[in-house]
Amino acid sequence: MAKINEKTDLLRDIALYFSEYMKILNQYQYQKLDKKTQSIRKKILIQIKEQDDLKTMVDYVSLMLYYGTKLTSEELIDLKLHNVISVNGKRIRLKQNESKSTILLDEECSDLVIELIKMLPKNNKYLLSTYDIEKMDTDNFYRILQEYPNNYVIEKLSHCFPIYTHSDYEVIPTPLKLNADMRYTGKGVTIAFIDSGFYPHPDITQPQNRVLKYVNIAEPEKDDFKESLSSSWHGMQTSLSAAGNGFMSGGLYKGIASEANLVLLKVTGANGIETANIIKAIEWCIRNKEEYNIRILNISLGGDQASSYLENALDQAAEGAVQSGITVLVAAGNDGDGYNIIAPPASAPSVITVGGLDDKNRLNVNDYTMYRSSYGTTLDGLLKPEIIAPGIWVAAPILPDTKLYEESEILNKLKNESEDNFLLLLEQNLEKINLDKSILNKSQNEIRKEIENRIKSQKIVGTYYQHVDGTSFSSPIVASVIAQMIEANPALNPRRIKHILTQTTDKLFNVPTEKQGYGMIHARKAVKEALNDIHRLGYNRPMSPCVRGNNVTFYCINQEAISVALVGDFNGWNPYNDFLIKEGKNLWKLEKELQSIGNYRYKFVIDGHTWTYDQENENKEPDGFGGFNNRLNIFI
């Protein structure tokens, strides 16, 4: 018992120390810890050395390097001892295997790395290794991240995020699947969802209601938010897969943006889901963006017919939302085994179209394959999707006040009931779970096996959740990561967000590019890049065009130009009326007020003779002269 208590005290000290270290990282990385916290670190090292506990030391150093550097878990795992370079015997630099650059560690990390190296066997090649393990694997690294979070006491750790065997229907929580940096939870960011319907589930209303607005676009006269309708489940599950806080699962099945605010727009009416209502919902988001701080819009539905974005009103509405400063996510669709239709608004060039991957409910990326999501080239020659995220084995709440919800409660009660009361409870609830009375003639073990099979066949996870599939869930998962990025760096605009996401992906091995686009979302890298932008010059300006109501700001980057003019439908294509003003070495800017709602065409004229399109605006059309005009959409 004494050794167990010693271990518990050690882990408590690590959790306390790590919590203080994280506070410093959020302020200034190379700031020294106070003397009290430094004394805790010394105490930890003494205990580890006395017990020769190399495993705990490796766990400890892994956490410090993971949060204290920009290295990913995969890069840390591959660090060899010869990658560790001492600087004057006090500070450490880490050299990455595939890079000539080095990373300077702070004093806390440096001291721990030095102590770890002293403990390692001389024949070990890798830094993060023990006596019997050559180097840490990815699964073990993820285990460490969940066993030592910086915001919980140690007693709560080991059972918070269980990872079940691959044969079970229990699913790995989404933040763990994506190795998300859970210091960011989308706090202060509003995600809007356009879907068939919604429900005020406790995962978004408890302990505080984060739903800022519910709008029934199709039938405004109906106040049906609190009704458990057949149209409610899809939107409820998509929105909660991004922003649910796992209230009904003790925090286990929470989304990555578990503190984000929500705006919910229902588009199902008497005639089902009509394109006109989706357009109205998008326009509502544009008009109300500032009031509700809508930064992200998720659309997990769309039309059935492929169409050119130049001629499609739904695509152009989505383009208008992006121009107004809203990052738009659209599910690619689930027709990858069929016709591969990329339908509006997924075919709009500026939206982020999201496909699905199948992670097999595992953490080993080598096992991953594609889900049956739609992919391919749009009628305008655009390759979609741009990015992929989990499209199966995603945990989402069961819609309350439904037959499945009641059945799940009973099945789980039976599963955990004692032998003495099991048969009585079963007999009382046979009709509610649709089991024939003949089952009572079987042995209790046989009955329990049938109960287990029923739970699996209904894809039930725990009592109040089930695992779901479809790109309808891939898209909001990406939306939740974007909420983290915006929380970390509110100055990000939709085009910069899209660029970061597509440049920080991981490619799936043996999957064609047309199916996965740029690849699988890398949540942690995306957030780190968003943070890095804060310190980069030129990345904090608005995008072009930046639309606020009927006020539009245009930007052009050109270092050599003497003059830059704006031409378009709104000024008769006259290159002598509207001139951009130079700001800095290469940035030109013009603010212009347009008088009416509508779709406009425009381009820039450099030095009075070179006509060129706005390269930041993906919404463009052929100009008839071998070049392009840009499109500008004004909705208010």
# chains A, B, ... in the order shown; residues from 1 in each chain; ligands from 1
call {"tool": "residues_around", "arguments": {"residues": "segment 437-453 of chain A", "least_positions_apart": "3", "cutoff": "10 Å", "atoms": "only C-alpha atoms", "output": "ChimeraX atom specification"}}
result
/A:411-412,414-416,419,422-423,426-427,430-431,433-434,456-460
call {"tool": "write_last_selection", "arguments": {"atoms": "C-alpha atoms", "output": "short mmCIF file (atom, residue, chain, number, x, y, z; two decimals), in the first residue's frame"}}
result
data_model
loop_
_atom_site.label_atom_id
_atom_site.label_comp_id
_atom_site.auth_asym_id
_atom_site.auth_seq_id
_atom_site.Cartn_x
_atom_site.Cartn_y
_atom_site.Cartn_z
CA LEU A 411 -30.82 -2.28 -22.61
CA ASN A 412 -28.04 -0.66 -20.60
CA LEU A 414 -30.27 -4.87 -18.23
CA LYS A 415 -26.62 -5.08 -19.21
CA ASN A 416 -25.54 -3.87 -15.76
CA GLU A 419 -28.39 -11.69 -11.49
CA PHE A 422 -32.18 -9.36 -14.12
CA LEU A 423 -35.10 -11.61 -15.17
CA LEU A 426 -36.36 -8.09 -18.45
CA GLU A 427 -39.93 -9.36 -18.12
CA LEU A 430 -39.95 -6.99 -23.05
CA GLU A 431 -42.39 -4.98 -25.15
CA ILE A 433 -37.30 -3.48 -26.36
CA ASN A 434 -39.23 -5.63 -28.88
CA LYS A 456 -24.21 -3.52 -31.05
CA SER A 457 -26.77 -3.79 -33.84
CA GLN A 458 -28.25 -0.42 -32.78
CA LYS A 459 -24.73 1.06 -32.64
CA ILE A 460 -25.39 2.17 -29.06
#
call {"tool": "select_by_dssp", "arguments": {"residues": "segment 429-563 of chain A", "states": "strand (DSSP E)", "output": "PyMOL selection string"}}
result
chain A and resi 460-461+465-468+546-548+551-557
call {"tool": "residues_around", "arguments": {"residues": "Ile299 of chain A", "least_positions_apart": "3", "cutoff": "12 Å", "atoms": "only C-alpha atoms", "output": "PyMOL selection string"}}
result
chain A and resi 191-196+234-235+238-239+264-267+278-279+281-282+285+296+302-303+314-315+318+327-333+344-346+351-354+471-479
call {"tool": "closest_residue", "arguments": {"among": "A:Leu11, A:Leu116, A:Leu310, A:Ala321", "to": "Val547 of chain A", "atoms": "only C-alpha atoms"}}
result
A:Ala321
call {"tool": "residues_around", "arguments": {"residues": "Ile117 of chain A", "least_positions_apart": "6", "cutoff": "12 Å", "atoms": "only C-alpha atoms", "output": "list in words"}}
result
Leu54, Met57, Val58, Val61, Lys80, Leu81, His82, Asn83, Val84, Ile85, Ser86, Ile92, Ser110, Asp111, Asn123, Asn124, Lys125, Tyr126, Leu127, Leu128, Ser129 and Thr130 of chain A
call {"tool": "atom_distance", "arguments": {"atom1": "atom CA of Arg601 of chain A", "atom2": "atom CA of Arg631 of chain A"}}
result
4.7 Å
call {"tool": "select_by_dssp", "arguments": {"residues": "segment 104-316 of chain A", "states": "helix (DSSP H, G or I)", "output": "JSON, numbers by chain"}}
result
{"A": [107, 108, 109, 110, 111, 112, 113, 114, 115, 116, 117, 118, 119, 138, 139, 140, 141, 142, 143, 144, 145, 146, 147, 154, 155, 156, 174, 175, 176, 177, 202, 203, 204, 205, 232, 233, 234, 235, 236, 237, 238, 239, 240, 241, 242, 243, 247, 248, 249, 275, 276, 277, 278, 279, 280, 281, 282, 283, 284, 285, 286, 287, 289, 290, 291, 292, 313, 314, 315, 316]}
call {"tool": "atom_distance", "arguments": {"atom1": "atom CA of Gln47 of chain A", "atom2": "atom CA of Arg91 of chain A"}}
result
23.2 Å
call {"tool": "atom_distance", "arguments": {"atom1": "atom CA of Gln466 of chain A", "atom2": "atom CA of Trp393 of chain A"}}
result
9.0 Å
